>>> print(open('upload.csv').read())   # CSV, C-alpha atoms
chain,number,residue,atom,x,y,z
A,21,MET,CA,13.6,7.2,6.8
A,22,ILE,CA,14.0,4.2,9.1
A,23,ALA,CA,15.1,0.7,8.3
A,24,ALA,CA,12.7,-2.3,8.3
A,25,CYS,CA,13.8,-4.8,10.9
A,26,LEU,CA,13.1,-8.3,9.5
A,27,LEU,CA,13.4,-11.1,12.1
A,28,SER,CA,13.2,-14.9,11.6
A,29,THR,CA,9.9,-15.6,13.4
A,30,ALA,CA,7.2,-17.1,11.2
A,31,PHE,CA,3.9,-15.5,10.5
A,32,PRO,CA,0.8,-17.7,10.2
A,33,VAL,CA,0.3,-17.5,6.4
A,34,ALA,CA,-1.3,-19.6,3.7
A,35,ALA,CA,0.6,-21.2,0.9
A,36,ALA,CA,0.1,-19.6,-2.5
A,37,GLY,CA,-2.1,-21.6,-4.8
A,38,ALA,CA,-2.0,-22.1,-8.5
A,39,HIS,CA,-4.9,-19.8,-9.1
A,40,SER,CA,-4.7,-16.0,-8.8
A,41,GLY,CA,-6.1,-14.5,-5.6
A,42,VAL,CA,-7.3,-16.0,-2.4
A,43,TRP,CA,-10.2,-15.6,0.0
A,44,VAL,CA,-9.4,-14.1,3.4
A,45,GLU,CA,-10.8,-15.4,6.7
A,46,SER,CA,-14.4,-14.5,6.5
A,47,THR,CA,-15.9,-12.0,9.0
A,48,SER,CA,-18.8,-9.6,9.1
A,49,ALA,CA,-18.5,-5.8,9.4
A,50,ARG,CA,-19.9,-6.0,12.9
A,51,ALA,CA,-17.4,-8.7,13.9
A,52,ALA,CA,-14.6,-6.7,12.3
A,53,ALA,CA,-15.6,-3.6,14.3
A,54,ALA,CA,-15.7,-5.5,17.5
A,55,PHE,CA,-12.3,-7.2,16.8
A,56,TRP,CA,-10.5,-4.0,15.7
A,57,THR,CA,-10.7,-2.1,18.9
A,58,PRO,CA,-8.9,1.2,19.3
A,59,ALA,CA,-6.1,-0.6,21.2
A,60,ARG,CA,-5.5,-3.1,18.5
A,61,LEU,CA,-5.5,-0.4,15.8
A,62,ARG,CA,-2.9,1.5,17.8
A,63,ALA,CA,-0.9,-1.6,18.3
A,64,ALA,CA,-0.7,-2.4,14.5
A,65,LYS,CA,2.9,-1.9,13.3
A,66,PRO,CA,4.0,-1.3,9.7
A,67,ILE,CA,4.0,-4.7,8.0
A,68,GLU,CA,7.7,-4.2,7.1
A,69,VAL,CA,8.8,-4.3,10.7
A,70,LEU,CA,6.9,-7.3,12.1
A,71,PRO,CA,8.7,-10.6,12.4
A,72,ARG,CA,8.5,-12.6,9.2
A,73,ARG,CA,9.7,-15.8,7.6
A,74,HIS,CA,9.3,-16.4,3.9
A,75,GLY,CA,9.8,-12.6,3.6
A,76,THR,CA,10.7,-10.6,0.6
A,77,ARG,CA,12.8,-7.4,0.4
A,78,PRO,CA,11.7,-4.9,3.1
A,79,ALA,CA,9.4,-2.2,1.7
A,80,VAL,CA,11.3,0.4,3.8
A,81,ARG,CA,14.9,-0.8,3.0
A,82,SER,CA,17.9,-0.7,5.2
A,83,GLY,CA,20.9,1.1,4.1
A,84,ARG,CA,23.7,3.5,5.0
A,85,ARG,CA,23.1,7.3,5.2
A,86,GLY,CA,24.3,8.8,2.0
A,87,GLU,CA,22.9,6.0,-0.2
A,88,GLY,CA,20.2,8.2,-1.6
A,89,GLY,CA,21.6,8.5,-5.1
A,90,ARG,CA,20.0,5.3,-6.3
A,91,VAL,CA,18.0,7.0,-9.1
A,92,ALA,CA,18.9,6.3,-12.7
A,93,ALA,CA,17.8,8.3,-15.8
A,94,LEU,CA,16.9,11.8,-14.5
A,95,GLY,CA,19.1,12.0,-11.4
A,96,ILE,CA,18.1,13.8,-8.2
A,97,PRO,CA,17.3,17.5,-8.3
A,98,GLY,CA,18.9,20.0,-5.9
A,99,LYS,CA,17.4,22.2,-3.2
A,100,ASP,CA,13.8,21.4,-4.0
A,101,PHE,CA,14.2,17.6,-3.3
A,102,GLY,CA,12.2,16.1,-0.5
A,103,ALA,CA,8.5,16.8,-0.2
A,104,ASP,CA,7.0,16.9,3.3
A,105,PHE,CA,4.4,14.3,4.2
A,106,GLU,CA,2.0,17.0,5.5
A,107,GLN,CA,-1.1,16.1,7.6
A,108,VAL,CA,-4.4,16.1,5.9
A,109,PRO,CA,-6.6,18.4,8.0
A,110,ASP,CA,-9.9,16.6,7.3
A,111,PRO,CA,-9.6,13.1,5.8
A,112,THR,CA,-13.4,12.9,5.4
A,113,LEU,CA,-13.4,15.4,2.5
A,114,PRO,CA,-14.3,13.9,-0.9
A,115,GLU,CA,-10.8,14.1,-2.3
A,116,PHE,CA,-9.3,12.3,0.7
A,117,ARG,CA,-11.9,9.9,2.0
A,118,VAL,CA,-11.0,7.3,-0.6
A,119,ASN,CA,-7.6,6.9,1.2
A,120,GLY,CA,-7.5,4.7,4.2
A,121,ALA,CA,-5.5,2.4,6.5
A,122,LEU,CA,-5.4,-1.4,6.0
A,123,PHE,CA,-5.1,-3.5,9.2
A,124,LEU,CA,-4.0,-7.1,9.3
A,125,SER,CA,-4.0,-9.6,12.1
A,126,PHE,CA,-1.3,-12.2,12.5
A,127,GLY,CA,-2.6,-13.8,15.7
A,128,ILE,CA,0.0,-14.2,18.4
A,129,PHE,CA,2.5,-12.5,16.1
A,130,GLY,CA,0.7,-9.2,16.4
A,131,TYR,CA,-1.1,-6.7,14.1
A,132,ALA,CA,0.2,-5.0,11.0
A,133,ARG,CA,-0.8,-2.1,8.8
A,134,CYS,CA,-0.4,-0.6,5.3
A,135,SER,CA,-2.2,2.1,3.3
A,136,GLY,CA,-4.7,1.7,0.4
A,137,THR,CA,-7.0,3.6,-1.9
A,138,ALA,CA,-10.6,2.9,-2.9
A,139,VAL,CA,-11.0,2.9,-6.7
A,140,ARG,CA,-14.0,3.0,-8.9
A,141,SER,CA,-15.1,-0.5,-10.0
A,142,ARG,CA,-18.2,-2.3,-11.1
A,143,ASN,CA,-18.5,-4.0,-7.8
A,144,GLU,CA,-17.8,-0.8,-5.8
A,145,SER,CA,-15.5,-2.8,-3.5
A,146,VAL,CA,-11.9,-2.6,-4.7
A,147,VAL,CA,-8.9,-1.2,-2.8
A,148,VAL,CA,-5.5,-1.0,-4.4
A,149,THR,CA,-2.4,-1.3,-2.2
A,150,ALA,CA,1.1,-2.7,-2.4
A,151,GLY,CA,1.6,-6.4,-3.2
A,152,HIS,CA,3.9,-7.0,-0.2
A,153,CYS,CA,1.0,-6.0,2.1
A,154,LEU,CA,-0.9,-9.1,0.9
A,155,ASN,CA,1.7,-11.7,-0.1
A,156,SER,CA,5.4,-12.0,0.9
A,157,GLY,CA,6.4,-12.4,-2.7
A,158,GLY,CA,8.5,-14.7,-4.8
A,159,ARG,CA,8.1,-18.4,-5.6
A,160,HIS,CA,8.1,-19.3,-1.9
A,161,GLY,CA,5.9,-16.4,-0.9
A,162,ARG,CA,2.8,-16.8,1.3
A,163,TRP,CA,-0.5,-15.1,1.4
A,164,PHE,CA,-1.6,-13.2,4.5
A,165,THR,CA,-5.1,-14.4,5.1
A,166,GLY,CA,-5.9,-13.6,8.7
A,167,PRO,CA,-8.5,-11.1,9.7
A,168,MET,CA,-8.0,-7.9,7.6
A,169,ALA,CA,-10.0,-4.7,7.4
A,170,PHE,CA,-9.9,-1.4,5.5
A,171,ILE,CA,-10.8,1.9,7.2
A,172,PRO,CA,-11.2,4.8,4.9
A,173,ALA,CA,-10.4,8.3,6.3
A,174,TYR,CA,-9.0,6.7,9.4
A,175,ARG,CA,-8.0,9.2,12.1
A,176,TYR,CA,-7.0,8.5,15.7
A,177,GLY,CA,-9.1,5.3,15.8
A,178,GLN,CA,-12.1,7.0,14.3
A,179,ARG,CA,-14.0,5.2,11.5
A,180,PRO,CA,-16.2,8.0,10.0
A,181,PHE,CA,-17.4,5.7,7.1
A,182,GLY,CA,-17.3,2.5,9.0
A,183,ILE,CA,-15.0,-0.5,8.7
A,184,PHE,CA,-14.9,-2.8,5.6
A,185,PRO,CA,-13.8,-6.4,6.2
A,186,VAL,CA,-11.5,-7.7,3.5
A,187,ARG,CA,-12.9,-10.7,1.6
A,188,TRP,CA,-10.4,-11.4,-1.2
A,189,ILE,CA,-6.9,-10.4,-2.1
A,190,ASP,CA,-4.6,-10.7,-5.1
A,191,THR,CA,-1.3,-9.4,-6.5
A,192,THR,CA,0.3,-9.2,-9.8
A,193,ARG,CA,1.5,-12.5,-11.0
A,194,GLN,CA,5.1,-11.2,-11.3
A,195,TRP,CA,5.1,-10.3,-7.6
A,196,ARG,CA,4.2,-13.8,-6.7
A,197,ALA,CA,6.6,-15.4,-9.2
A,198,ASP,CA,9.8,-13.6,-8.3
A,199,GLY,CA,9.1,-10.7,-5.9
A,200,SER,CA,9.9,-8.2,-8.6
A,201,GLU,CA,9.6,-4.7,-7.2
A,202,ASN,CA,8.6,-3.5,-10.6
A,203,TYR,CA,5.3,-5.3,-10.0
A,204,ASP,CA,4.7,-4.7,-6.2
A,205,VAL,CA,1.0,-4.0,-6.5
A,206,GLY,CA,-2.0,-5.7,-4.8
A,207,ALA,CA,-5.8,-5.5,-4.9
A,208,ILE,CA,-8.4,-6.1,-2.3
A,209,VAL,CA,-12.1,-6.7,-2.5
A,210,VAL,CA,-14.0,-5.7,0.7
A,211,GLY,CA,-17.4,-6.5,2.1
A,212,ARG,CA,-20.0,-4.0,3.2
A,213,ASN,CA,-19.7,-1.8,6.3
A,214,GLN,CA,-21.8,-2.0,9.5
A,215,ALA,CA,-24.5,0.1,7.8
A,216,GLY,CA,-24.7,-2.3,4.9
A,217,ALA,CA,-23.1,0.1,2.4
A,218,LYS,CA,-20.6,-0.9,-0.2
A,219,LEU,CA,-17.3,0.9,-0.2
A,220,GLY,CA,-18.1,2.9,-3.3
A,221,GLU,CA,-21.5,3.9,-1.9
A,222,ALA,CA,-19.8,5.2,1.3
A,223,VAL,CA,-16.7,7.0,0.0
A,224,GLY,CA,-16.7,6.8,-3.7
A,225,GLY,CA,-13.5,5.9,-5.5
A,226,THR,CA,-10.7,7.3,-7.6
A,227,GLY,CA,-10.3,6.6,-11.2
A,228,ILE,CA,-7.4,4.5,-12.2
A,229,ALA,CA,-5.0,4.9,-15.1
A,230,PHE,CA,-2.7,2.5,-16.9
A,231,ASP,CA,0.1,2.7,-19.6
A,232,LEU,CA,0.7,6.5,-19.2
A,233,LYS,CA,4.1,8.1,-19.6
A,234,ALA,CA,6.3,7.7,-16.5
A,235,ASN,CA,7.0,11.4,-16.3
A,236,GLN,CA,4.1,12.6,-14.2
A,237,THR,CA,3.6,14.7,-11.1
A,238,PHE,CA,2.1,12.8,-8.3
A,239,ASP,CA,0.3,13.5,-5.0
A,240,VAL,CA,1.4,10.7,-2.6
A,241,HIS,CA,-1.1,9.6,0.0
A,242,GLY,CA,-0.7,7.3,3.0
A,243,TYR,CA,-0.6,6.6,6.7
A,244,PRO,CA,3.1,6.5,7.7
A,245,ALA,CA,3.4,5.0,11.1
A,246,GLU,CA,7.1,5.1,12.0
A,247,ALA,CA,8.9,8.1,13.5
A,248,PRO,CA,8.4,11.0,13.1
A,249,PHE,CA,4.8,9.8,12.3
A,250,ASP,CA,2.4,7.6,14.4
A,251,GLY,CA,0.0,6.2,11.7
A,252,GLU,CA,-3.0,8.0,13.3
A,253,THR,CA,-3.3,10.7,10.6
A,254,GLN,CA,-3.6,10.7,6.8
A,255,ARG,CA,-0.6,12.4,5.1
A,256,ILE,CA,0.1,13.8,1.6
A,257,CYS,CA,3.2,14.8,-0.3
A,258,ARG,CA,1.8,17.3,-2.8
A,259,GLY,CA,3.1,17.7,-6.3
A,260,THR,CA,6.0,15.2,-6.2
A,261,ARG,CA,8.0,15.1,-9.4
A,262,PHE,CA,9.0,12.0,-11.2
A,263,LEU,CA,12.8,11.6,-10.8
A,264,GLY,CA,13.6,8.5,-12.7
A,265,HIS,CA,14.0,4.8,-11.7
A,266,ASP,CA,15.7,2.9,-8.9
A,267,ALA,CA,18.9,1.4,-10.4
A,268,SER,CA,17.9,-2.0,-9.0
A,269,SER,CA,14.7,-1.8,-11.1
A,270,PHE,CA,16.8,-2.7,-14.1
A,271,VAL,CA,17.6,-6.1,-12.7
A,272,PHE,CA,14.0,-7.3,-13.2
A,273,PRO,CA,12.0,-7.6,-16.4
A,274,GLY,CA,8.9,-5.4,-16.9
A,275,PRO,CA,8.3,-1.7,-16.8
A,276,LEU,CA,10.8,0.1,-14.6
A,277,ASN,CA,9.5,1.4,-11.3
A,278,LEU,CA,9.2,5.1,-10.5
A,279,ALA,CA,11.0,7.4,-8.0
A,280,VAL,CA,9.4,10.6,-6.5
A,281,THR,CA,10.3,13.2,-4.0
A,282,CYS,CA,8.5,12.1,-0.8
A,283,GLN,CA,10.1,11.4,2.6
A,284,LEU,CA,8.0,8.6,3.9
A,285,THR,CA,8.3,5.8,6.6
A,286,GLY,CA,6.8,2.3,7.2
A,287,GLY,CA,3.0,2.1,7.2
A,288,ALA,CA,2.8,4.3,4.0
A,289,SER,CA,3.3,1.2,1.8
A,290,GLY,CA,0.4,0.8,-0.5
A,291,GLY,CA,-0.6,4.5,-0.3
A,292,GLY,CA,-1.9,5.9,-3.6
A,293,TRP,CA,-0.1,8.1,-6.1
A,294,THR,CA,-2.6,10.3,-7.9
A,295,ILE,CA,-1.9,12.4,-11.0
A,296,ALA,CA,-3.2,15.8,-11.9
A,297,ASP,CA,-6.7,14.6,-12.9
A,298,GLY,CA,-7.1,12.7,-9.6
A,299,ARG,CA,-6.7,9.2,-11.1
A,300,LEU,CA,-4.6,6.6,-9.2
A,301,ASN,CA,-1.4,5.9,-11.1
A,302,GLY,CA,0.9,4.3,-8.6
A,303,VAL,CA,1.3,3.1,-5.0
A,304,THR,CA,4.2,3.4,-2.5
A,305,ASP,CA,6.4,0.3,-2.4
A,306,TYR,CA,9.6,1.1,-0.6
A,307,GLY,CA,12.3,3.6,0.2
A,308,TYR,CA,15.8,3.7,1.6
A,309,PHE,CA,17.2,4.7,5.0
A,310,ASP,CA,18.1,8.2,4.1
A,311,GLU,CA,16.4,11.6,4.5
A,312,THR,CA,17.4,12.5,1.0
A,313,SER,CA,16.2,9.3,-0.6
A,314,PRO,CA,13.2,9.1,-2.9
A,315,ALA,CA,10.1,6.9,-2.5
A,316,TYR,CA,9.6,4.2,-5.1
A,317,GLY,CA,6.5,2.7,-6.6
A,318,ALA,CA,5.5,0.3,-9.4
A,319,TYR,CA,4.5,1.6,-12.8
A,320,PHE,CA,0.9,0.9,-13.6
A,321,GLY,CA,1.1,-1.0,-16.9
A,322,LYS,CA,-0.8,-3.9,-18.5
A,323,GLU,CA,-0.2,-6.4,-15.6
A,324,VAL,CA,-1.6,-4.0,-13.0
A,325,ALA,CA,-4.6,-3.4,-15.4
A,326,ARG,CA,-5.2,-7.2,-15.4
A,327,LEU,CA,-5.0,-7.3,-11.6
A,328,TYR,CA,-7.6,-4.5,-11.3
A,329,GLY,CA,-9.8,-6.3,-13.8
A,330,ARG,CA,-9.7,-9.5,-11.7
A,331,ALA,CA,-10.7,-7.6,-8.6
A,332,ALA,CA,-13.4,-5.6,-10.3
A,333,ARG,CA,-15.1,-8.8,-11.4
A,334,MET,CA,-15.2,-10.4,-8.0
A,335,ARG,CA,-18.6,-10.5,-6.2
>>> encode(input="upload.csv", output="structure tokens")
Amino acid sequence: MIAACLLSTAFPVAAAGAHSGVWVESTSARAAAAFWTPARLRAAKPIEVLPRRHGTRPAVRSGRRGEGGRVAALGIPGKDFGADFEQVPDPTLPEFRVNGALFLSFGIFGYARCSGTAVRSRNESVVVTAGHCLNSGGRHGRWFTGPMAFIPAYRYGQRPFGIFPVRWIDTTRQWRADGSENYDVGAIVVGRNQAGAKLGEAVGGTGIAFDLKANQTFDVHGYPAEAPFDGETQRICRGTRFLGHDASSFVFPGPLNLAVTCQLTGGASGGGWTIADGRLNGVTDYGYFDETSPAYGAYFGKEVARLYGRAARMR
């Protein structure tokens, strides 16, 4: 993995309000398609490496090689550790089209990107991602409310199902309160694409599960954009096993986060973790600078269920 480089330059961000969730700068799908040119899409860097003030812990953490043994409870397995983030040959297939790349504009400060997953909801418009892709976290955290768009099945600038402008964003309350990595989950409500279709109509959505046992086997999805990847293709770590919890997870209240065997890089943040029945049950939050380090994601418990409920009710 590679380290996130956090500088001191400020991003243009909005102050967090008392109420949960905020509206993003409004734009139509046609305007979003015109704004997000192939050049801008290629220029988008993982959100962890863009300059930021009011930042929280980097989602791809810095660290010395050899620091991979940060898993408590089950320990790290031996020779089978480290699933490859293999390329998805055809991201338009039903099982993959729900995964996409999330693009954010910070004006003169550049363009950023994360990953996300379309989930089933009553409004057919919900994407689940990492909290740090939407809000810098903690009591002094700020919302990212510039132009933002979700492109399902993104591949080399192609938009096979159109582009969906983001309308509204939210995170767990604990992420905004103290930047707890145990709660680093966000939700997005998108508008219709250029053809006038809702996200659910265009690509469907995964089911989503809460309060399950931690010991699951996950498929990890995402768009890693730092070397050796370039963010232009969807990737998957198949059958990654639950390892335990990051030792630092015990510092914060709430359900402990989860470690799995996937060697990812920046840009994969927010990518979905699906379990055997195809339901979403986690997202990528961070990793360490070490090829033998796990990837970490938040447990989907009651607070994530509340977040999903708020997003599903938005119109």
>>> atom_distance(input="upload.csv", atom1="CA of Ala64 (chain A)", atom2="CA of Pro248 (chain A)")
16.3 Å
>>> atom_distance(input="upload.csv", atom1="CA of Gly199 (chain A)", atom2="CA of Glu68 (chain A)")
14.6 Å
>>> atom_distance(input="upload.csv", atom1="CA of Arg196 (chain A)", atom2="CA of Gly166 (chain A)")
18.4 Å
>>> residues_around(input="upload.csv", residues="region 178-189 of chain A", least_positions_apart="6", cutoff="8 Å", atoms="all atoms listed in the file", output="JSON, numbers by chain")
{"A": [41, 42, 43, 44, 45, 46, 47, 48, 49, 52, 53, 112, 154, 167, 168, 169, 170, 171, 172, 206, 207, 208, 209, 210, 211, 212, 213, 214, 215, 219, 222, 223]}
>>> write_last_selection(input="upload.csv", atoms="C-alpha atoms", output="JSON list (two decimals), in the coordinates of the input")
[["chain", "number", "residue", "atom", "x", "y", "z"],
["A", 41, "GLY", "CA", -6.10, -14.50, -5.60],
["A", 42, "VAL", "CA", -7.30, -16.00, -2.40],
["A", 43, "TRP", "CA", -10.20, -15.60, 0.00],
["A", 44, "VAL", "CA", -9.40, -14.10, 3.40],
["A", 45, "GLU", "CA", -10.80, -15.40, 6.70],
["A", 46, "SER", "CA", -14.40, -14.50, 6.50],
["A", 47, "THR", "CA", -15.90, -12.00, 9.00],
["A", 48, "SER", "CA", -18.80, -9.60, 9.10],
["A", 49, "ALA", "CA", -18.50, -5.80, 9.40],
["A", 52, "ALA", "CA", -14.60, -6.70, 12.30],
["A", 53, "ALA", "CA", -15.60, -3.60, 14.30],
["A", 112, "THR", "CA", -13.40, 12.90, 5.40],
["A", 154, "LEU", "CA", -0.90, -9.10, 0.90],
["A", 167, "PRO", "CA", -8.50, -11.10, 9.70],
["A", 168, "MET", "CA", -8.00, -7.90, 7.60],
["A", 169, "ALA", "CA", -10.00, -4.70, 7.40],
["A", 170, "PHE", "CA", -9.90, -1.40, 5.50],
["A", 171, "ILE", "CA", -10.80, 1.90, 7.20],
["A", 172, "PRO", "CA", -11.20, 4.80, 4.90],
["A", 206, "GLY", "CA", -2.00, -5.70, -4.80],
["A", 207, "ALA", "CA", -5.80, -5.50, -4.90],
["A", 208, "ILE", "CA", -8.40, -6.10, -2.30],
["A", 209, "VAL", "CA", -12.10, -6.70, -2.50],
["A", 210, "VAL", "CA", -14.00, -5.70, 0.70],
["A", 211, "GLY", "CA", -17.40, -6.50, 2.10],
["A", 212, "ARG", "CA", -20.00, -4.00, 3.20],
["A", 213, "ASN", "CA", -19.70, -1.80, 6.30],
["A", 214, "GLN", "CA", -21.80, -2.00, 9.50],
["A", 215, "ALA", "CA", -24.50, 0.10, 7.80],
["A", 219, "LEU", "CA", -17.30, 0.90, -0.20],
["A", 222, "ALA", "CA", -19.80, 5.20, 1.30],
["A", 223, "VAL", "CA", -16.70, 7.00, 0.00]]
>>> closest_residue(input="upload.csv", among="A:Cys134, A:Ala331, A:Ala315, A:Ala229", to="Ala288 (chain A)", atoms="only C-alpha atoms")
A:Cys134
>>> decode(input="upload.csv", residues="region 182-254 of chain A", atoms="C-alpha atoms", output="short mmCIF file (atom, residue, chain, number, x, y, z; two decimals), in the first residue's frame")
data_model
loop_
_atom_site.label_atom_id
_atom_site.label_comp_id
_atom_site.auth_asym_id
_atom_site.auth_seq_id
_atom_site.Cartn_x
_atom_site.Cartn_y
_atom_site.Cartn_z
CA GLY A 182 -25.03 7.40 -17.27
CA ILE A 183 -23.89 9.79 -14.58
CA PHE A 184 -25.87 10.42 -11.38
CA PRO A 185 -25.37 13.83 -9.73
CA VAL A 186 -25.24 13.71 -5.95
CA ARG A 187 -28.01 15.68 -4.22
CA TRP A 188 -27.64 14.89 -0.50
CA ILE A 189 -24.99 13.37 1.75
CA ASP A 190 -24.85 12.10 5.33
CA THR A 191 -22.61 10.08 7.65
CA THR A 192 -23.04 8.29 10.94
CA ARG A 193 -23.36 10.71 13.83
CA GLN A 194 -20.33 9.18 15.55
CA TRP A 195 -18.12 9.89 12.53
CA ARG A 196 -19.08 13.56 12.72
CA ALA A 197 -18.80 13.68 16.51
CA ASP A 198 -15.30 12.27 16.99
CA GLY A 199 -14.03 10.81 13.72
CA SER A 200 -14.36 7.28 15.08
CA GLU A 201 -13.12 4.78 12.53
CA ASN A 202 -15.59 2.31 13.99
CA TYR A 203 -18.30 4.41 12.31
CA ASP A 204 -16.62 5.59 9.09
CA VAL A 205 -19.67 5.10 6.85
CA GLY A 206 -21.51 7.56 4.62
CA ALA A 207 -24.64 7.57 2.49
CA ILE A 208 -25.54 9.51 -0.65
CA VAL A 209 -28.79 10.26 -2.43
CA VAL A 210 -28.36 10.83 -6.17
CA GLY A 211 -30.55 12.41 -8.82
CA ARG A 212 -31.63 10.85 -12.11
CA ASN A 213 -29.22 10.22 -14.99
CA GLN A 214 -29.30 11.90 -18.41
CA ALA A 215 -32.03 9.52 -19.59
CA GLY A 216 -34.24 10.43 -16.64
CA ALA A 217 -33.78 7.07 -14.90
CA LYS A 218 -33.32 6.61 -11.18
CA LEU A 219 -30.22 4.74 -10.04
CA GLY A 220 -32.24 1.68 -9.05
CA GLU A 221 -33.98 1.63 -12.41
CA ALA A 222 -30.66 1.81 -14.25
CA VAL A 223 -28.49 -0.65 -12.32
CA GLY A 224 -30.58 -2.12 -9.51
CA GLY A 225 -29.03 -2.29 -6.06
CA THR A 226 -27.61 -4.68 -3.52
CA GLY A 227 -29.41 -5.71 -0.39
CA ILE A 228 -27.90 -4.40 2.82
CA ALA A 229 -27.47 -6.22 6.12
CA PHE A 230 -27.01 -5.05 9.70
CA ASP A 231 -26.14 -6.59 13.08
CA LEU A 232 -24.69 -9.80 11.66
CA LYS A 233 -21.81 -11.71 13.22
CA ALA A 234 -18.44 -10.19 12.42
CA ASN A 235 -16.98 -13.48 11.24
CA GLN A 236 -18.06 -13.34 7.59
CA THR A 237 -16.34 -13.93 4.27
CA PHE A 238 -16.46 -10.83 2.08
CA ASP A 239 -16.01 -9.89 -1.54
CA VAL A 240 -14.33 -6.47 -1.49
CA HIS A 241 -15.18 -4.15 -4.40
CA GLY A 242 -13.72 -0.81 -5.42
CA TYR A 243 -11.76 1.45 -7.71
CA PRO A 244 -8.21 1.69 -6.33
CA ALA A 245 -6.39 4.58 -7.97
CA GLU A 246 -2.88 4.59 -6.53
CA ALA A 247 -0.04 2.40 -7.80
CA PRO A 248 -0.12 -0.30 -8.95
CA PHE A 249 -3.68 0.68 -9.96
CA ASP A 250 -4.95 3.67 -11.92
CA GLY A 251 -8.61 3.96 -10.87
CA GLU A 252 -9.89 3.24 -14.37
CA THR A 253 -11.08 -0.31 -13.73
CA GLN A 254 -13.31 -1.92 -11.14
#
